[in-house]
$ cat input07.txt   # compact mmCIF, C-alpha atoms and all ligand atoms
# COMPACT_ATOMS: atom_id res chain seq x y z
CA MET A 1 17.14 6.72 42.31
CA ALA A 2 14.41 4.09 42.52
CA GLU A 3 12.69 5.54 39.48
CA THR A 4 10.77 3.37 37.08
CA ALA A 5 10.88 4.15 33.38
CA ARG A 6 7.47 5.21 32.11
CA ARG A 7 6.43 4.06 28.69
CA MET A 8 5.43 7.00 26.47
CA SER A 9 3.66 6.73 23.15
CA ALA A 10 5.35 8.36 20.16
CA LEU A 11 2.68 11.08 19.98
CA GLU A 12 2.27 11.59 23.72
CA GLY A 13 0.57 14.91 24.44
CA ARG A 14 0.06 15.79 20.77
CA ALA A 15 -3.45 16.77 19.74
CA TYR A 16 -4.99 19.58 17.71
CA GLU A 17 -8.48 20.94 17.45
CA GLY A 18 -9.53 23.68 15.04
CA SER A 19 -12.56 24.73 13.08
CA GLY A 20 -13.98 21.60 11.44
CA ILE A 21 -10.98 19.42 12.30
CA ALA A 22 -9.65 17.40 15.22
CA LEU A 23 -6.40 15.42 15.25
CA THR A 24 -6.19 12.83 18.02
CA PRO A 25 -3.50 10.20 18.57
CA THR A 26 -5.13 6.84 19.27
CA ALA A 27 -4.78 4.70 22.35
CA PRO A 28 -2.37 1.76 22.02
CA ALA A 29 -3.77 -1.21 20.06
CA SER A 30 -2.52 -4.60 18.99
CA ARG A 31 -1.75 -5.06 15.31
CA LEU A 32 -0.89 -7.92 13.04
CA SER A 33 0.65 -8.04 9.59
CA LEU A 34 -1.04 -11.09 8.05
CA ARG A 35 -0.04 -12.78 4.80
CA ALA A 36 -1.95 -15.82 3.56
CA PRO A 37 -3.08 -17.57 0.39
CA GLU A 38 -6.74 -17.95 -0.55
CA ALA A 39 -6.91 -21.53 0.79
CA SER A 40 -6.08 -20.38 4.35
CA LEU A 41 -8.56 -17.54 4.59
CA SER A 42 -11.57 -19.36 6.02
CA ALA A 43 -9.54 -20.92 8.86
CA LEU A 44 -7.87 -17.57 9.66
CA SER A 45 -11.19 -15.72 9.48
CA LYS A 46 -12.66 -18.17 11.98
CA ALA A 47 -9.68 -17.79 14.35
CA LEU A 48 -9.88 -13.99 14.21
CA GLY A 49 -13.67 -13.82 14.38
CA LEU A 50 -13.79 -11.66 11.24
CA THR A 51 -14.30 -12.47 7.59
CA LEU A 52 -11.04 -11.38 5.96
CA PRO A 53 -12.09 -9.09 3.10
CA ARG A 54 -11.25 -10.32 -0.44
CA LYS A 55 -12.05 -7.13 -2.32
CA PRO A 56 -9.44 -4.38 -2.85
CA LYS A 57 -9.71 -1.33 -0.57
CA THR A 58 -12.27 -2.91 1.77
CA THR A 59 -12.38 -3.73 5.49
CA ALA A 60 -14.27 -5.90 7.95
CA ALA A 61 -14.80 -4.52 11.44
CA ASP A 62 -16.58 -5.83 14.50
CA GLY A 63 -16.32 -5.08 18.22
CA GLY A 64 -13.09 -3.09 18.18
CA ARG A 65 -11.31 -5.49 15.84
CA ALA A 66 -10.78 -4.82 12.15
CA ALA A 67 -9.19 -6.44 9.11
CA LEU A 68 -7.98 -4.10 6.37
CA TRP A 69 -7.26 -5.43 2.86
CA LEU A 70 -3.80 -4.21 1.87
CA GLY A 71 -3.01 -6.52 -1.05
CA PRO A 72 -4.20 -9.76 -2.68
CA ASP A 73 -2.63 -11.82 0.14
CA GLU A 74 -2.02 -9.18 2.81
CA TRP A 75 -4.10 -7.74 5.64
CA LEU A 76 -3.56 -5.37 8.56
CA ILE A 77 -5.45 -6.57 11.63
CA ILE A 78 -6.08 -4.04 14.40
CA ASP A 79 -7.54 -4.82 17.82
CA GLU A 80 -8.29 -1.79 19.96
CA LYS A 81 -8.75 -3.94 23.06
CA GLY A 82 -5.20 -5.25 22.83
CA ALA A 83 -5.99 -8.92 22.14
CA ASP A 84 -3.05 -11.21 21.39
CA LEU A 85 -3.75 -11.59 17.66
CA ALA A 86 -0.61 -13.61 16.92
CA ALA A 87 -1.68 -16.19 19.52
CA LEU A 88 -5.08 -16.51 17.82
CA CYS A 89 -3.41 -17.16 14.45
CA ALA A 90 -0.90 -19.56 16.00
CA LYS A 91 -3.75 -22.04 16.50
CA VAL A 92 -4.32 -22.15 12.73
CA SER A 93 -2.39 -24.89 10.94
CA ALA A 94 -3.18 -23.57 7.43
CA LEU A 95 -0.27 -21.77 5.73
CA HIS A 96 0.12 -18.14 6.78
CA SER A 97 2.54 -15.57 8.15
CA ALA A 98 1.47 -13.48 11.14
CA VAL A 99 3.83 -10.83 12.48
CA ASP A 100 2.99 -8.74 15.54
CA ILE A 101 3.51 -5.08 14.60
CA SER A 102 1.64 -3.53 17.55
CA HIS A 103 4.57 -1.30 18.42
CA ARG A 104 5.77 -0.63 14.88
CA ASN A 105 2.69 1.43 14.08
CA THR A 106 0.90 4.23 15.78
CA ALA A 107 -2.25 5.97 14.62
CA VAL A 108 -3.93 9.36 14.41
CA LEU A 109 -7.66 9.97 14.13
CA VAL A 110 -8.54 12.75 11.70
CA ALA A 111 -12.12 13.87 12.22
CA GLY A 112 -14.38 16.75 11.26
CA ALA A 113 -16.01 18.40 8.27
CA ARG A 114 -12.56 19.35 6.88
CA ALA A 115 -11.01 15.90 7.28
CA GLU A 116 -10.88 15.19 3.52
CA ASP A 117 -9.24 18.55 2.80
CA VAL A 118 -6.67 18.18 5.56
CA LEU A 119 -5.71 14.70 4.34
CA GLY A 120 -5.61 16.04 0.80
CA ALA A 121 -2.61 18.18 1.82
CA GLY A 122 -0.45 15.06 1.74
CA CYS A 123 -2.44 12.18 0.26
CA PRO A 124 -2.77 12.05 -3.55
CA GLN A 125 -5.75 9.66 -3.60
CA ASP A 126 -9.29 10.73 -4.43
CA LEU A 127 -10.89 10.75 -0.97
CA SER A 128 -14.38 11.78 -2.07
CA PRO A 129 -17.09 9.48 -0.62
CA ALA A 130 -17.78 8.12 -4.11
CA ARG A 131 -14.20 6.78 -4.47
CA PHE A 132 -13.27 6.32 -0.83
CA PRO A 133 -16.50 5.43 1.03
CA VAL A 134 -16.95 4.70 4.73
CA GLY A 135 -15.21 1.39 5.41
CA ALA A 136 -12.63 1.83 2.63
CA ALA A 137 -8.97 1.40 3.53
CA SER A 138 -5.77 1.56 1.54
CA ARG A 139 -2.05 1.72 1.86
CA THR A 140 -0.94 5.01 0.31
CA VAL A 141 1.34 7.96 1.02
CA PHE A 142 0.99 11.11 3.13
CA GLY A 143 3.67 13.58 2.13
CA LYS A 144 6.87 11.52 2.16
CA ALA A 145 5.58 8.87 4.55
CA GLU A 146 3.80 5.62 3.78
CA ILE A 147 0.52 5.26 5.65
CA VAL A 148 -2.55 3.05 5.81
CA LEU A 149 -5.66 5.20 5.55
CA TRP A 150 -9.03 3.90 6.77
CA ARG A 151 -12.28 5.83 6.51
CA THR A 152 -14.17 4.94 9.68
CA GLY A 153 -17.02 7.46 9.23
CA GLU A 154 -18.41 10.13 6.89
CA GLU A 155 -16.06 12.65 8.48
CA ALA A 156 -13.59 10.38 10.24
CA PHE A 157 -10.37 8.69 9.15
CA ARG A 158 -7.71 6.67 10.92
CA ILE A 159 -4.12 7.08 9.73
CA GLU A 160 -1.81 4.21 10.62
CA CYS A 161 1.87 5.00 10.19
CA TRP A 162 5.21 3.72 11.41
CA ARG A 163 5.96 5.25 14.80
CA SER A 164 9.27 6.63 13.51
CA PHE A 165 7.29 8.63 10.91
CA SER A 166 4.58 9.74 13.33
CA ASP A 167 6.20 13.06 14.28
CA TYR A 168 6.44 13.97 10.59
CA VAL A 169 2.90 12.77 9.83
CA PHE A 170 1.37 14.60 12.79
CA SER A 171 3.29 17.80 12.04
CA LEU A 172 2.14 17.81 8.42
CA LEU A 173 -1.46 17.10 9.47
CA GLU A 174 -1.34 19.93 11.98
CA LYS A 175 0.15 22.33 9.45
CA ALA A 176 -2.66 21.48 7.01
CA ALA A 177 -5.29 21.75 9.76
CA ARG A 178 -4.10 25.25 10.73
CA GLU A 179 -4.64 26.49 7.19
CA ALA A 180 -8.27 27.52 7.41
CA MET B 1 -0.51 13.79 -11.76
CA LEU B 2 -0.35 10.63 -13.84
CA LEU B 3 -2.92 8.01 -12.88
CA ILE B 4 -1.90 4.36 -13.27
CA HIS B 5 -4.38 1.49 -13.29
CA CYS B 6 -3.28 -1.23 -10.86
CA PRO B 7 -4.59 -4.61 -12.07
CA TYR B 8 -4.63 -5.91 -8.48
CA CYS B 9 -6.34 -2.90 -6.85
CA GLU B 10 -8.61 -2.74 -9.90
CA GLU B 11 -8.58 1.05 -10.09
CA GLU B 12 -6.51 4.04 -11.12
CA ARG B 13 -4.15 5.32 -8.46
CA PRO B 14 -1.75 8.29 -8.32
CA GLU B 15 1.73 7.69 -9.70
CA LEU B 16 3.31 8.60 -6.33
CA GLU B 17 2.25 5.16 -5.08
CA PHE B 18 4.21 3.38 -7.84
CA ARG B 19 7.80 2.58 -8.66
CA HIS B 20 9.25 1.70 -12.04
CA ALA B 21 10.96 -1.71 -12.11
CA GLY B 22 12.66 -2.10 -15.49
CA GLU B 23 11.82 -3.80 -18.75
CA ALA B 24 9.21 -6.58 -18.70
CA HIS B 25 9.18 -10.05 -20.26
CA ILE B 26 12.89 -10.75 -19.78
CA ALA B 27 13.21 -14.47 -19.13
CA ARG B 28 16.05 -15.58 -16.90
CA PRO B 29 18.01 -18.30 -18.72
CA GLU B 30 17.36 -21.75 -17.20
CA ASN B 31 21.02 -22.73 -17.53
CA ILE B 32 22.47 -19.46 -16.25
CA ALA B 33 25.69 -21.08 -14.92
CA GLU B 34 26.53 -22.45 -18.34
CA ILE B 35 25.85 -19.55 -20.71
CA SER B 36 28.69 -17.47 -22.17
CA ASP B 37 29.63 -14.07 -20.82
CA GLU B 38 28.21 -12.53 -24.00
CA ALA B 39 24.88 -14.31 -23.57
CA PHE B 40 24.78 -13.27 -19.90
CA GLN B 41 25.54 -9.69 -20.88
CA ARG B 42 22.65 -9.70 -23.36
CA TYR B 43 20.28 -11.10 -20.71
CA PHE B 44 21.46 -8.97 -17.81
CA PHE B 45 22.41 -5.56 -19.22
CA ILE B 46 21.05 -5.00 -22.70
CA ARG B 47 17.62 -3.36 -22.88
CA ALA B 48 15.51 -2.27 -25.84
CA ASN B 49 14.94 1.39 -24.83
CA PRO B 50 12.55 2.04 -27.74
CA LYS B 51 11.10 5.34 -28.88
CA GLY B 52 7.41 4.46 -28.74
CA VAL B 53 5.66 1.56 -27.05
CA THR B 54 7.66 -0.17 -24.34
CA PHE B 55 6.70 -3.00 -21.98
CA GLU B 56 7.78 -2.40 -18.39
CA ARG B 57 7.45 -3.81 -14.92
CA TRP B 58 5.95 -1.49 -12.35
CA ARG B 59 5.38 -2.02 -8.66
CA HIS B 60 2.48 -0.63 -6.63
CA ILE B 61 4.93 -0.25 -3.79
CA HIS B 62 2.88 2.15 -1.62
CA GLY B 63 -0.37 0.31 -2.39
CA CYS B 64 -0.93 -3.42 -2.70
CA GLY B 65 2.82 -4.04 -3.06
CA ARG B 66 2.42 -6.07 -6.26
CA PHE B 67 4.58 -6.07 -9.36
CA PHE B 68 2.64 -5.87 -12.63
CA ASN B 69 3.34 -5.07 -16.27
CA ALA B 70 2.50 -2.00 -18.30
CA ALA B 71 2.63 -0.94 -21.94
CA ARG B 72 3.70 2.70 -22.05
CA ASP B 73 4.48 5.06 -24.90
CA THR B 74 7.87 6.65 -24.20
CA VAL B 75 7.05 9.62 -26.46
CA SER B 76 3.75 10.67 -24.87
CA ASP B 77 4.31 8.98 -21.45
CA ARG B 78 0.82 7.54 -21.91
CA PHE B 79 0.02 4.20 -20.27
CA LEU B 80 -1.70 2.13 -22.97
CA MET B 81 -2.58 -0.71 -20.62
CA THR B 82 -1.52 -2.57 -17.49
CA TYR B 83 -1.83 -6.29 -16.78
CA LYS B 84 -0.95 -8.79 -14.08
CA ALA B 85 2.53 -10.28 -13.77
CA GLY B 86 2.75 -13.64 -15.52
CA GLU B 87 0.20 -12.76 -18.19
CA PRO B 88 1.47 -12.92 -21.79
CA LYS B 89 2.72 -9.82 -23.58
CA PRO B 90 -0.41 -8.32 -25.15
CA ASP B 91 -0.80 -7.63 -28.84
CA LEU B 92 -1.61 -3.93 -28.94
CA GLY B 93 -2.44 -3.89 -32.65
CA GLU B 94 -3.00 -0.31 -33.78
CA ALA B 95 -2.10 1.23 -30.43
CA GLY B 96 1.37 -0.29 -30.63
CA GLY B 97 1.72 0.40 -34.34
CA ASN B 98 4.58 2.86 -34.01
CA GLN B 99 6.92 0.29 -32.50
ZN ZN A 201 -2.28 -2.20 -6.38
$ encode --input "input07.txt" --output "C-alpha cells" --more "lines below"
Ligand SMILES: [Zn+2]
Amino acid sequence: MAETARRMSALEGRAYEGSGIALTPTAPASRLSLRAPEASLSALSKALGLTLPRKPKTTAADGGRAALWLGPDEWLIIDEKGADLAALCAKVSALHSAVDISHRNTAVLVAGARAEDVLGAGCPQDLSPARFPVGAASRTVFGKAEIVLWRTGEEAFRIECWRSFSDYVFSLLEKAAREA
Amino acid sequence: MLLIHCPYCEEERPELEFRHAGEAHIARPENIAEISDEAFQRYFFIRANPKGVTFERWRHIHGCGRFFNAARDTVSDRFLMTYKAGEPKPDLGEAGGNQ
C-alpha cells in the first residue's frame, strides 16, 4: 500500500470538440486576487511586470502573464507559467491586498467560429466584437455560476470559474456546444 | 432583459449581474447609541415605498462588485438614471415629476 496520491485537476479528462467549437480545460496556472488603490498601482505594475489596466473591461497581457480589470480597485492576475505572484507583490510596500487563488479557480478555453453562440447559452452579455473586443475581460455570469470571461482572440475565450462550479460550467458549455 | 447602466463599468449590463440593495440616501445617525427606540425604528425599518420615482441602492455583484445608486420608476420599472455611491441625490426635474 505504498501508493502516492495523485493530484487531479477538477476537469481532468474533460474536453469536447464539435463543428466550429472546442472546449479545453486549461493547464494549471497561478492566480492572484489583487486589490489596491490608485496610489499603489505604479509600484504593483512594476513588481508584476505589467501595467495594471485602469479602464473597465480591459486587460494587459505579456509573456503568459495577464492582468484583468475586474473593478475600480480589483484585478485578477493570471500567470500560465506558475510564477509566485504573491511573492512578487510581497516586495511592494505600497498599500494592497494580494491573495493567492491559484487553486480556487480553474479555466476552460472556448474556441472556434461558434464560440460566441456557445457562450451566449449562459452568458447574458453582448459578446459581439464591437462590445466585447479581443482583450476585453469581465466578471459576469454563465448560467447560475459566476465567471470571469476573457476574450483572448477573435474566436477564442477563456472562462475562469471557481473549481467547485467547474463541473456545472463545463456541462452547460458542452450541452450548448452539442446543439448544432 | 432589463439593461442597467453601471457608473463604474461605464456601460449597460444585463440585470442578472445586479442585486437590489434597498433604499438609497438613508443616513445612519451619528449618535446611534443615544437615539430613542422610535427614532431608531424610523431609521432602521421605515421606508418610503413610493408609487413612482424611487431612489435605490444597487450592487453590480457579478460585475465590478460596486454599490451605486439608481433612480427607478416603480410603475414602469424604468431606470431613469444611475450614479456613483456618495454622489448627492439628483434633481430629476420633469422626469421625477410624478413623485
Ligand atoms: Zn460595474
$ closest_atom_pairs --input "input07.txt" --of "chain A" --to "ligand ZN 201 (chain A)" --cutoff "12 Å" --atoms "all atoms listed in the file" --output "Markdown table"
| residue | atom | partner | partner_atom | distance |
| --- | --- | --- | --- | --- |
| A:Lys55 | CA | A:ZN201 | ZN | 11.7 |
| A:Pro56 | CA | A:ZN201 | ZN | 8.3 |
| A:Lys57 | CA | A:ZN201 | ZN | 9.5 |
| A:Trp69 | CA | A:ZN201 | ZN | 11.0 |
| A:Leu70 | CA | A:ZN201 | ZN | 8.6 |
| A:Gly71 | CA | A:ZN201 | ZN | 6.9 |
| A:Pro72 | CA | A:ZN201 | ZN | 8.6 |
| A:Asp73 | CA | A:ZN201 | ZN | 11.6 |
| A:Glu74 | CA | A:ZN201 | ZN | 11.5 |
| A:Ser138 | CA | A:ZN201 | ZN | 9.4 |
| A:Arg139 | CA | A:ZN201 | ZN | 9.1 |
| A:Thr140 | CA | A:ZN201 | ZN | 9.9 |
$ atom_distance --input "input07.txt" --atom1 "CA of Ile61 in chain B" --atom2 "CA of Ile4 in chain B"
12.6 Å
$ closest_atom_pairs --input "input07.txt" --of "range 38-91 of chain B" --to "range 13-26 of chain B" --cutoff "10 Å" --atoms "only C-alpha atoms" --output "tab-separated table"
residue	atom	partner	partner_atom	distance
B:Tyr43	CA	B:Ile26	CA	7.5
B:Phe44	CA	B:Ile26	CA	9.0
B:Arg47	CA	B:Glu23	CA	7.1
B:Ala48	CA	B:Glu23	CA	8.1
B:Asn49	CA	B:Glu23	CA	8.6
B:Thr54	CA	B:Glu23	CA	7.9
B:Phe55	CA	B:Ala24	CA	5.5
B:Glu56	CA	B:Glu23	CA	4.3
B:Arg57	CA	B:Ala21	CA	5.0
B:Trp58	CA	B:His20	CA	4.6
B:Arg59	CA	B:Arg19	CA	5.2
B:His60	CA	B:Phe18	CA	4.5
B:Ile61	CA	B:Phe18	CA	5.5
B:His62	CA	B:Glu17	CA	4.6
B:Gly63	CA	B:Glu17	CA	6.1
B:Cys64	CA	B:Glu17	CA	9.5
B:Gly65	CA	B:Phe18	CA	8.9
B:Arg66	CA	B:Phe18	CA	9.7
B:Phe67	CA	B:Ala21	CA	8.2
B:Phe68	CA	B:Ala24	CA	9.0
B:Asn69	CA	B:Ala24	CA	6.5
B:Ala70	CA	B:Ala24	CA	8.1
B:Ala71	CA	B:Ala24	CA	9.3
B:Ala85	CA	B:Ala24	CA	9.1
B:Gly86	CA	B:His25	CA	8.8
B:Glu87	CA	B:His25	CA	9.6
B:Pro88	CA	B:His25	CA	8.4
B:Lys89	CA	B:His25	CA	7.3
$ residues_near_point --input "input07.txt" --point "(5.0, -0.8, -25.0)" --cutoff "9 Å" --atoms "all atoms listed in the file" --output "MDAnalysis selection string"
chainID B and resid 50 52:56 70:74 79:81 92 96 99
$ atom_distance --input "input07.txt" --atom1 "CA of Asp79 in chain A" --atom2 "CA of Gly64 in chain A"
5.8 Å
$ residues_near_point --input "input07.txt" --point "(-8.0, -0.7, 21.5)" --cutoff "8 Å" --atoms "only C-alpha atoms" --output "PyMOL selection string"
chain A and resi 27-30+64+79-82
$ residues_around --input "input07.txt" --residues "Gly18 in chain A" --least-positions-apart "2" --cutoff "9 Å" --atoms "only C-alpha atoms" --output "list in words"
Tyr16, Gly20, Ile21, Ala22, Leu23, Ala177, Arg178 and Ala180 of chain A
$ closest_residue --input "input07.txt" --among "A:Gln125, A:Thr26, A:Thr58, A:Ser42" --to "chain B" --atoms "all atoms listed in the file"
A:Gln125
